[in-house]
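J.: My structure is in work-v5.txt, and what it holds is compact mmCIF, C-alpha atoms:
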```txt
# COMPACT_ATOMS: atom_id res chain seq x y z
CA MET A 16 -6.96 193.93 17.42
CA ALA A 17 -5.74 195.11 14.04
CA SER A 18 -3.19 197.39 15.68
CA ASP A 19 -1.91 194.50 17.84
CA ARG A 20 -1.42 192.29 14.77
CA ALA A 21 0.44 195.09 13.00
CA ALA A 22 2.73 195.59 16.01
CA ALA A 23 3.44 191.87 16.13
CA ARG A 24 4.40 191.87 12.45
CA ALA A 25 6.63 194.92 12.93
CA ALA A 26 8.50 193.57 16.00
CA PRO A 27 11.55 191.41 15.15
CA PRO A 28 11.54 187.87 16.56
CA ALA A 29 13.41 187.31 19.83
CA SER A 30 15.76 184.80 18.18
CA ALA A 31 16.88 187.40 15.67
CA GLY A 32 17.67 189.82 18.50
CA ARG A 33 19.73 187.20 20.32
CA GLY A 34 21.61 186.34 17.13
CA ARG A 35 22.49 189.98 16.57
CA THR A 36 23.69 190.30 20.19
CA TRP A 37 25.98 187.28 19.79
CA ALA A 38 27.29 188.69 16.51
CA TYR A 39 28.18 191.96 18.22
CA GLY A 40 29.95 190.00 20.97
CA LEU A 41 31.94 187.72 18.63
CA PHE A 42 32.96 190.37 16.09
CA PRO A 43 35.89 191.79 18.16
CA VAL A 44 37.13 188.24 18.86
CA LEU A 45 37.11 187.32 15.19
CA LEU A 46 38.80 190.58 14.28
CA LEU A 47 41.52 189.93 16.87
CA ALA A 48 42.07 186.42 15.47
CA VAL A 49 42.49 187.83 11.96
CA PHE A 50 44.93 190.45 13.20
CA VAL A 51 47.04 187.83 15.06
CA ALA A 52 47.12 185.59 11.97
CA LEU A 53 48.24 188.49 9.77
CA PHE A 54 50.91 189.47 12.29
CA LEU A 55 52.29 185.93 12.46
CA ARG A 56 52.26 185.64 8.67
CA PHE A 57 53.52 189.09 7.62
CA GLY A 58 54.64 190.79 10.85
CA PRO A 59 58.23 191.79 11.70
CA LEU A 60 59.02 188.68 13.74
CA GLY A 61 62.16 188.07 11.71
CA VAL A 62 63.43 191.55 12.57
CA PHE A 63 62.77 190.96 16.25
CA ARG A 64 64.60 187.64 16.23
CA ALA A 65 67.59 189.09 14.43
CA ALA A 66 67.84 192.12 16.72
CA PHE A 67 67.58 190.30 20.08
CA PRO A 68 69.18 187.14 21.45
CA PRO A 69 66.86 184.17 22.03
CA VAL A 70 65.14 183.98 25.42
CA GLU A 71 65.49 180.46 26.79
CA GLU A 72 64.04 179.03 29.95
CA LEU A 73 64.17 175.42 31.07
CA THR A 74 62.82 174.27 34.42
CA ILE A 75 64.02 171.01 35.95
CA THR A 76 60.92 169.88 37.85
CA ARG A 77 62.12 166.52 39.18
CA ALA A 78 65.21 164.35 39.50
CA THR A 79 64.55 160.61 39.74
CA LEU A 80 67.38 158.35 40.90
CA SER A 81 67.67 154.65 40.25
CA PRO A 82 70.80 152.45 40.51
CA GLY A 83 73.42 153.97 38.16
CA MET A 84 70.92 156.37 36.57
CA ILE A 85 69.67 159.93 37.04
CA GLU A 86 66.57 161.06 35.12
CA LEU A 87 65.58 164.71 34.88
CA ALA A 88 62.07 165.86 34.05
CA VAL A 89 62.31 169.25 32.31
CA THR A 90 59.71 171.74 31.08
CA ASN A 91 60.25 174.61 28.65
CA GLY A 92 58.41 177.54 30.19
CA GLY A 93 60.04 180.19 28.00
CA PRO A 94 58.94 181.84 24.76
CA SER A 95 61.45 180.02 22.52
CA PRO A 96 62.32 176.39 21.80
CA VAL A 97 65.35 175.09 23.73
CA THR A 98 67.83 172.60 22.26
CA VAL A 99 69.78 170.63 24.85
CA ALA A 100 73.43 170.34 23.83
CA GLN A 101 75.39 169.04 26.83
CA VAL A 102 74.97 167.83 30.39
CA LEU A 103 77.43 168.19 33.28
CA VAL A 104 77.30 166.19 36.49
CA ASP A 105 79.57 167.35 39.31
CA GLU A 106 81.50 169.62 36.88
CA ALA A 107 82.19 166.80 34.40
CA TYR A 108 80.58 166.39 30.97
CA TRP A 109 78.51 163.24 30.80
CA ASP A 110 76.72 161.18 28.17
CA PHE A 111 72.94 161.45 28.17
CA GLN A 112 69.83 160.51 26.27
CA ILE A 113 66.79 162.73 25.88
CA ARG A 114 63.28 161.86 24.84
CA PRO A 115 61.26 162.65 22.87
CA ASP A 116 63.73 165.09 21.24
CA ARG A 117 66.70 167.34 22.03
CA THR A 118 64.72 170.38 20.92
CA ILE A 119 61.97 171.12 23.45
CA PRO A 120 59.21 173.42 22.16
CA ARG A 121 57.47 176.08 24.23
CA LEU A 122 55.46 174.40 27.04
CA GLY A 123 57.01 171.10 25.94
CA ARG A 124 58.35 168.46 28.31
CA ALA A 125 61.24 166.03 28.02
CA THR A 126 63.13 163.45 30.07
CA ILE A 127 66.93 163.47 30.22
CA ALA A 128 68.46 160.12 31.19
CA ILE A 129 72.04 160.31 32.54
CA PRO A 130 73.90 157.05 33.30
CA TYR A 131 75.88 158.19 36.34
CA PRO A 132 77.25 156.28 39.38
CA TRP A 133 75.72 158.55 42.02
CA VAL A 134 76.65 157.96 45.65
CA GLU A 135 74.06 157.35 48.36
CA GLY A 136 73.74 160.33 50.69
CA GLU A 137 76.02 162.60 48.65
CA THR A 138 75.15 165.92 46.99
CA HIS A 139 75.29 166.06 43.18
CA GLU A 140 75.03 169.14 40.97
CA ILE A 141 73.65 168.77 37.47
CA VAL A 142 73.95 171.43 34.76
CA VAL A 143 72.02 171.28 31.48
CA LEU A 144 73.51 173.43 28.69
CA SER A 145 71.52 174.65 25.70
CA GLU A 146 73.07 175.04 22.26
CA ASN A 147 73.28 178.79 22.97
CA GLY A 148 75.40 178.15 26.06
CA ILE A 149 72.71 178.95 28.63
CA ALA A 150 73.04 176.84 31.80
CA PHE A 151 70.16 175.39 33.81
CA THR A 152 71.22 173.99 37.19
CA HIS A 153 69.65 171.45 39.52
CA THR A 154 71.06 170.19 42.82
CA VAL A 155 70.31 166.77 44.28
CA ALA A 156 70.75 167.63 47.95
CA VAL A 157 70.76 164.06 49.28
CA ALA A 158 71.16 161.29 46.71
CA THR A 159 68.83 158.39 47.45
CA GLU A 160 66.90 155.97 45.26
CA SER A 161 63.52 157.43 44.31
CA PRO A 162 60.46 155.47 45.43
CA ARG A 163 58.55 153.57 42.78
CA PRO A 164 54.75 153.16 42.85
CA ASP A 165 54.87 149.59 44.12
CA ARG A 166 53.00 148.01 47.02
CA GLN A 167 55.65 148.75 49.61
CA SER A 168 56.05 152.42 48.67
CA LEU A 169 52.27 152.89 48.47
CA LEU A 170 51.89 151.45 51.96
CA THR A 171 54.72 153.66 53.25
CA PHE A 172 53.14 156.88 51.96
CA THR A 173 49.71 155.76 53.17
CA LEU A 174 51.03 155.23 56.70
CA LEU A 175 52.84 158.56 56.47
CA GLY A 176 49.55 160.30 55.65
CA VAL A 177 47.75 158.47 58.46
CA TYR A 178 50.41 159.35 61.03
CA VAL A 179 50.72 163.04 60.21
CA GLY A 180 47.14 163.77 59.05
CA VAL A 181 44.38 161.38 60.09
CA VAL A 182 45.52 160.38 63.59
CA PRO A 183 46.32 163.93 64.83
CA VAL A 184 42.98 165.32 63.60
CA PHE A 185 40.98 162.62 65.40
CA LEU A 186 43.09 163.07 68.54
CA GLY A 187 42.23 166.76 68.53
CA MET A 188 38.53 165.98 68.13
CA LEU A 189 38.64 164.12 71.46
CA TRP A 190 38.31 167.56 73.11
CA PHE A 191 34.66 167.54 72.00
CA PRO A 192 33.24 166.28 75.36
CA PHE A 193 35.31 168.88 77.23
CA LEU A 194 34.05 171.71 75.03
CA ARG A 195 30.44 170.62 75.56
CA ARG A 196 30.77 171.12 79.33
CA ILE A 197 32.22 174.63 79.42
CA GLY A 198 30.29 177.91 79.48
CA ARG A 199 29.59 180.22 76.55
CA ARG A 200 32.38 182.60 77.53
CA TRP A 201 35.03 179.90 77.36
CA LEU A 202 33.50 178.40 74.24
CA ASN A 203 33.95 181.75 72.50
CA PHE A 204 37.53 181.69 73.77
CA PHE A 205 38.12 178.38 71.99
CA LEU A 206 36.36 179.64 68.85
CA SER A 207 38.78 182.60 68.88
CA LEU A 208 41.63 180.16 69.44
CA THR A 209 40.40 178.21 66.39
CA ALA A 210 40.48 181.40 64.33
CA GLY A 211 44.08 181.98 65.43
CA LEU A 212 45.04 178.42 64.51
CA LEU A 213 43.50 178.78 61.06
CA VAL A 214 45.00 182.21 60.36
CA PHE A 215 48.46 180.79 61.07
CA LEU A 216 47.73 177.81 58.79
CA GLY A 217 46.59 180.17 56.05
CA ILE A 218 49.66 182.37 56.30
CA ASP A 219 51.88 179.28 56.33
CA ALA A 220 50.13 177.89 53.24
CA ILE A 221 50.51 181.20 51.37
CA ALA A 222 54.21 181.32 52.26
CA GLU A 223 54.73 177.74 51.04
CA ALA A 224 52.76 178.43 47.86
CA LEU A 225 54.86 181.51 47.08
CA GLU A 226 58.03 179.51 47.73
CA ASN A 227 56.85 176.76 45.39
CA ALA A 228 55.89 179.37 42.80
CA HIS A 229 59.58 180.08 42.17
CA SER A 230 60.04 176.51 40.88
CA VAL A 231 57.05 176.73 38.52
CA PRO A 232 57.97 177.14 34.82
CA GLY A 233 57.67 180.78 33.85
CA ALA A 234 54.89 180.32 31.32
CA PHE A 235 52.60 178.95 34.04
CA GLN A 236 52.96 182.18 36.08
CA GLY A 237 53.53 180.81 39.57
CA ILE A 238 52.57 183.99 41.46
CA GLY A 239 49.41 184.35 39.39
CA LEU A 240 48.64 180.69 40.08
CA VAL A 241 48.75 181.42 43.81
CA GLY A 242 46.31 184.30 43.41
CA VAL A 243 43.93 182.35 41.20
CA GLY A 244 43.93 179.29 43.47
CA ALA A 245 43.30 181.29 46.66
CA LEU A 246 40.58 183.53 45.21
CA VAL A 247 38.73 180.74 43.42
CA SER A 248 38.63 178.60 46.57
CA ILE A 249 37.26 181.57 48.55
CA LEU A 250 34.52 182.16 45.97
CA VAL A 251 33.61 178.47 45.81
CA LEU A 252 33.28 178.22 49.59
CA ILE A 253 31.18 181.40 49.66
CA ALA A 254 28.82 179.83 47.13
CA VAL A 255 28.71 176.53 49.02
CA GLY A 256 28.09 178.32 52.30
CA ARG A 257 25.20 180.31 50.86
CA VAL A 258 23.58 177.18 49.49
CA ALA A 259 24.04 175.40 52.82
CA ARG A 260 22.61 178.22 54.93
CA ARG A 261 19.77 178.91 52.44
CA GLY A 262 19.63 182.63 53.00
CA GLY A 263 20.07 182.58 56.78
CA ALA A 264 23.09 182.51 59.05
CA ALA A 265 25.38 179.53 58.74
CA SER A 266 24.63 176.87 61.34
CA PRO A 267 27.46 175.66 63.60
CA LEU A 268 27.49 172.30 61.81
CA VAL A 269 27.89 174.03 58.42
CA VAL A 270 30.79 176.05 59.84
CA ALA A 271 32.36 172.83 61.16
CA TYR A 272 32.12 171.24 57.72
CA LEU A 273 33.64 174.33 56.10
CA ILE A 274 36.50 174.20 58.63
CA ALA A 275 37.06 170.52 57.84
CA VAL A 276 37.11 171.24 54.10
CA GLY A 277 39.57 174.10 54.54
CA ILE A 278 41.87 172.02 56.74
CA GLY A 279 41.55 169.07 54.34
CA LEU A 280 42.66 171.19 51.40
CA HIS A 281 45.58 172.47 53.46
CA ASN A 282 46.52 168.92 54.47
CA LEU A 283 46.44 167.84 50.82
CA GLY A 284 49.12 170.44 50.08
CA GLU A 285 50.98 169.44 53.24
CA GLY A 286 50.94 165.81 52.11
CA LEU A 287 52.37 166.86 48.74
CA ALA A 288 55.25 168.64 50.45
CA ILE A 289 55.94 165.79 52.87
CA GLY A 290 55.81 163.11 50.17
CA ALA A 291 58.13 165.09 47.91
CA ALA A 292 60.61 165.74 50.71
CA TYR A 293 60.61 162.08 51.71
CA SER A 294 61.11 160.88 48.14
CA LEU A 295 64.08 163.23 47.77
CA GLY A 296 65.69 162.03 50.99
CA GLN A 297 65.35 165.44 52.65
CA ILE A 298 63.61 164.21 55.80
CA ALA A 299 64.15 161.26 58.09
CA LEU A 300 61.06 159.41 59.29
CA GLY A 301 62.09 159.31 62.94
CA THR A 302 59.91 159.19 66.02
CA PHE A 303 60.67 162.85 66.77
CA LEU A 304 59.32 164.02 63.40
CA VAL A 305 56.10 161.99 63.67
CA LEU A 306 55.51 163.33 67.19
CA GLY A 307 56.13 166.84 65.92
CA PHE A 308 53.45 166.50 63.25
CA MET A 309 51.04 165.05 65.80
CA LEU A 310 51.52 168.06 68.06
CA HIS A 311 51.12 170.48 65.17
CA ASN A 312 48.05 168.87 63.56
CA THR A 313 46.19 167.83 66.71
CA THR A 314 45.09 171.43 67.13
CA GLU A 315 43.24 171.15 63.81
CA GLY A 316 40.83 168.64 65.37
CA LEU A 317 40.11 171.08 68.18
CA GLY A 318 39.25 173.73 65.61
CA ILE A 319 36.75 171.43 63.88
CA VAL A 320 34.70 170.55 66.97
CA ALA A 321 34.71 173.99 68.62
CA PRO A 322 31.79 175.42 66.57
CA ILE A 323 29.51 172.41 67.26
CA ALA A 324 30.28 172.02 70.95
CA ARG A 325 27.02 173.69 72.04
CA GLN A 326 24.58 171.98 69.65
CA GLY A 327 26.32 168.59 69.63
CA ALA A 328 26.91 166.11 66.81
CA SER A 329 26.51 162.40 66.17
CA LEU A 330 29.40 159.96 66.06
CA GLY A 331 28.86 159.58 62.30
CA GLN A 332 29.06 163.32 61.73
CA LEU A 333 32.23 163.57 63.79
CA SER A 334 33.79 160.69 61.83
CA VAL A 335 32.98 162.34 58.51
CA LEU A 336 34.39 165.66 59.70
CA GLY A 337 37.62 164.00 60.78
CA LEU A 338 38.04 162.13 57.50
CA ILE A 339 37.35 165.26 55.43
CA ALA A 340 40.09 167.11 57.32
CA GLY A 341 42.71 164.38 57.76
CA ALA A 342 42.36 161.87 54.93
CA PRO A 343 43.52 164.22 52.09
CA THR A 344 47.03 163.97 53.55
CA ILE A 345 47.21 160.40 52.18
CA PRO A 346 46.63 161.15 48.44
CA GLY A 347 48.78 164.24 48.92
CA ALA A 348 51.65 162.05 50.09
CA TRP A 349 51.10 159.70 47.12
CA LEU A 350 51.21 162.55 44.61
CA GLY A 351 54.19 164.21 46.26
CA GLY A 352 56.15 160.99 46.55
CA PHE A 353 55.59 159.60 43.07
CA THR A 354 54.87 162.58 40.81
CA VAL A 355 56.33 165.84 42.06
CA SER A 356 54.68 168.72 40.21
CA PRO A 357 55.55 172.31 41.18
CA VAL A 358 52.39 173.53 39.44
CA ALA A 359 50.12 171.12 41.35
CA ALA A 360 51.86 171.76 44.67
CA THR A 361 51.58 175.54 44.26
CA LEU A 362 47.93 175.36 43.22
CA PHE A 363 46.85 173.04 46.05
CA LEU A 364 48.65 175.11 48.68
CA ALA A 365 47.00 178.28 47.37
CA VAL A 366 43.56 176.64 47.29
CA GLY A 367 44.04 175.48 50.87
CA ALA A 368 45.08 178.95 51.99
CA GLY A 369 42.08 180.60 50.38
CA ALA A 370 39.72 178.04 51.90
CA ILE A 371 41.18 178.59 55.36
CA PHE A 372 40.80 182.37 55.22
CA GLN A 373 37.19 182.00 54.10
CA VAL A 374 36.56 179.64 57.03
CA VAL A 375 37.98 182.20 59.47
CA TYR A 376 35.45 184.69 58.11
CA GLU A 377 32.64 182.16 58.70
CA ILE A 378 33.80 181.61 62.30
CA LEU A 379 33.74 185.35 62.97
CA LYS A 380 30.23 185.60 61.51
CA LEU A 381 29.09 182.72 63.73
CA MET A 382 30.52 184.42 66.81
CA VAL A 383 28.89 187.73 65.91
CA ALA A 384 25.53 186.02 65.34
CA GLU A 385 25.70 184.33 68.76
CA ALA A 386 27.44 186.96 70.89
CA GLY A 387 26.70 190.26 69.14
CA GLN A 388 28.97 193.07 70.24
CA GLU A 389 30.75 190.89 72.83
CA VAL A 390 33.12 189.34 70.28
CA ALA A 391 36.03 191.75 70.69
CA THR A 392 36.57 190.96 74.36
CA LEU A 393 39.92 190.59 76.08
CA ILE A 394 39.46 186.84 76.55
CA ASN A 395 38.64 186.33 72.87
CA VAL A 396 41.66 188.37 71.78
CA ALA A 397 43.77 186.28 74.14
CA GLY A 398 42.34 183.10 72.58
CA PHE A 399 43.20 184.31 69.08
CA ALA A 400 46.75 185.18 70.12
CA LEU A 401 47.13 181.82 71.88
CA GLY A 402 46.04 180.02 68.70
CA LEU A 403 48.75 181.79 66.73
CA LEU A 404 51.33 181.00 69.42
CA ILE A 405 50.39 177.30 69.60
CA MET A 406 50.80 176.86 65.85
CA TYR A 407 54.09 178.71 65.88
CA VAL A 408 55.57 176.67 68.72
CA THR A 409 54.40 173.29 67.40
CA GLY A 410 55.54 174.28 63.91
CA ILE A 411 59.11 174.40 65.20
CA PHE A 412 59.06 170.62 65.60
CA VAL A 413 58.03 169.92 61.99
CA ALA A 414 60.38 172.24 60.08
CA VAL A 415 61.90 170.19 57.23
```
Rewrite the structure from the file as structure tokens, please.

T.:
Amino acid sequence: MASDRAAARAAPPASAGRGRTWAYGLFPVLLLAVFVALFLRFGPLGVFRAAFPPVEELTITRATLSPGMIELAVTNGGPSPVTVAQVLVDEAYWDFQIRPDRTIPRLGRATIAIPYPWVEGETHEIVVLSENGIAFTHTVAVATESPRPDRQSLLTFTLLGVYVGVVPVFLGMLWFPFLRRIGRRWLNFFLSLTAGLLVFLGIDAIAEALENAHSVPGAFQGIGLVGVGALVSILVLIAVGRVARRGGAASPLVVAYLIAVGIGLHNLGEGLAIGAAYSLGQIALGTFLVLGFMLHNTTEGLGIVAPIARQGASLGQLSVLGLIAGAPTIPGAWLGGFTVSPVAATLFLAVGAGAIFQVVYEILKLMVAEAGQEVATLINVAGFALGLLIMYVTGIFVAV
């Protein structure tokens, strides 16, 4: 007993050990902060600035047109402040106003208002010149009045999201009774077809995200944003899937929900792109375009119901699955139509792509769990290839 009491007195308390651990962890951070402060205060920044020309970068993220007025939303994504000196519209210098200030700090934003008699349907080129003579160019491909967030515009974008997102998904889910009546061999064929559909969607989303990344201000690292969005969505869905399956194999209904989530995230990014294109006058809402989107997105509904064809699902579950997959197109169209953000568009497209690739992995695991070594059959490979081909062919009708 005496030896135990002596050992207890000699052992340091647990709280003291934790405090010392945190001190060891924070010491390098504090030392780095001191070093950065000393460098900024006494370092050779003045020598660097004198030896090299200033690096300026200004990204024009949006052009808003109203009668007799063009407004540019700009972001400084470079390392140095940028002072706007002049503005040219169609090769002519033009008066402008800028708020909050002509000098835009790093990561700062400003709005440039240009009173200009733009012409409906014409192309206008705008050049913003800094005080160092560096030009930043933006082209308004088709001049048209930008939509405002009023009741009419909100209804228009809502209907747009319903037509190209919600309706096609539910139309595709009408194949559910057909899938319930076919044999296991053909059901695996349609699961493989679903994997092909989703792989094409994922590749398409990655391509769109990388394209959008070029319009992201440099400081926000567009390519890195694509990687972060895709990987984080994959990890989140892995965690959600593990919680849902509770240590066992994912049930078909869980896989169907994961497919719906992946497609919904993709449709959110698709809605952003469609809303932005519509607001900029780059697409015409004709019957042909709406039919093209219906053909393209109807296959998504087929992909949702394929995993649950054998076990069945209630009408309520099917309704929820359809809304999860199709409804995000509506807020996507709102955001794209009223507040175009290259950063948001790139991130959402990347998140959707990552989610879709993770869902494809879950489909393959489901097929392996049910069919074992019979997954890599000729009919399944044909189904996968057919899924890719269907998405490619229907995608031709919705190119904007």

J.: Could you tell me how far CA of Trp133 in chain A sits from CA of Ile75 in chain A, in Å to one decimal place?

T.: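 Going from CA of Ile75 in chain A over to CA of Trp133 in chain A, I get 18.1 Å.
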
J.: Give the answer as one residue: which of A:Gly92, A:Gly148, A:Pro322, A:Pro164 has the shortest atom-to-atom distance to Ala271 in chain A, using all atoms listed in the file?

T.: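 For Ala271 in chain A, the nearest of the given residues is A:Pro322.
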
J.: Applying 8 Å and all atoms listed in the file, which residues near Thr98 in chain A remain after dropping the ones on its own chain fewer than 5 positions away? List them as an MDAnalysis selection string.

T.: chainID A and resid 117:119 145:146

J.: In Å, with one decimal, what is the gap from CA of Ala291 in chain A to CA of Asp219 in chain A?

T.: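 Atom-to-atom, CA of Ala291 in chain A and CA of Asp219 in chain A are spaced 17.6 Å apart.
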
J.: Enumerate, as an mmCIF file with C-alpha atoms, keeping the file's coordinate frame, the protein, DNA and RNA residues whose atoms approach (59.2, 179.2, 22.9) to within 7 Å, taking into account all atoms listed in the file and the coordinate frame of the file.

T.:
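Here's the written file result.cif:
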```
data_model
loop_
_atom_site.group_PDB
_atom_site.id
_atom_site.type_symbol
_atom_site.label_atom_id
_atom_site.label_comp_id
_atom_site.auth_asym_id
_atom_site.auth_seq_id
_atom_site.Cartn_x
_atom_site.Cartn_y
_atom_site.Cartn_z
ATOM 1 C CA GLY A 93 60.040 180.190 28.000
ATOM 2 C CA PRO A 94 58.940 181.840 24.760
ATOM 3 C CA SER A 95 61.450 180.020 22.520
ATOM 4 C CA PRO A 96 62.320 176.390 21.800
ATOM 5 C CA PRO A 120 59.210 173.420 22.160
ATOM 6 C CA ARG A 121 57.470 176.080 24.230
#
```

J.: Would you mind listing what lies within 12 Å of Ala365 in chain A as a PyMOL selection string, with only C-alpha atoms counted and same-chain residues fewer than 5 positions away left out?

T.: chain A and resi 216-228+237-249+277+280-285+358-360+370-372

J.: Rounded to one decimal in Å, what is the spacing between CA of Thr74 in chain A and CA of Glu137 in chain A?

T.: 22.6 Å
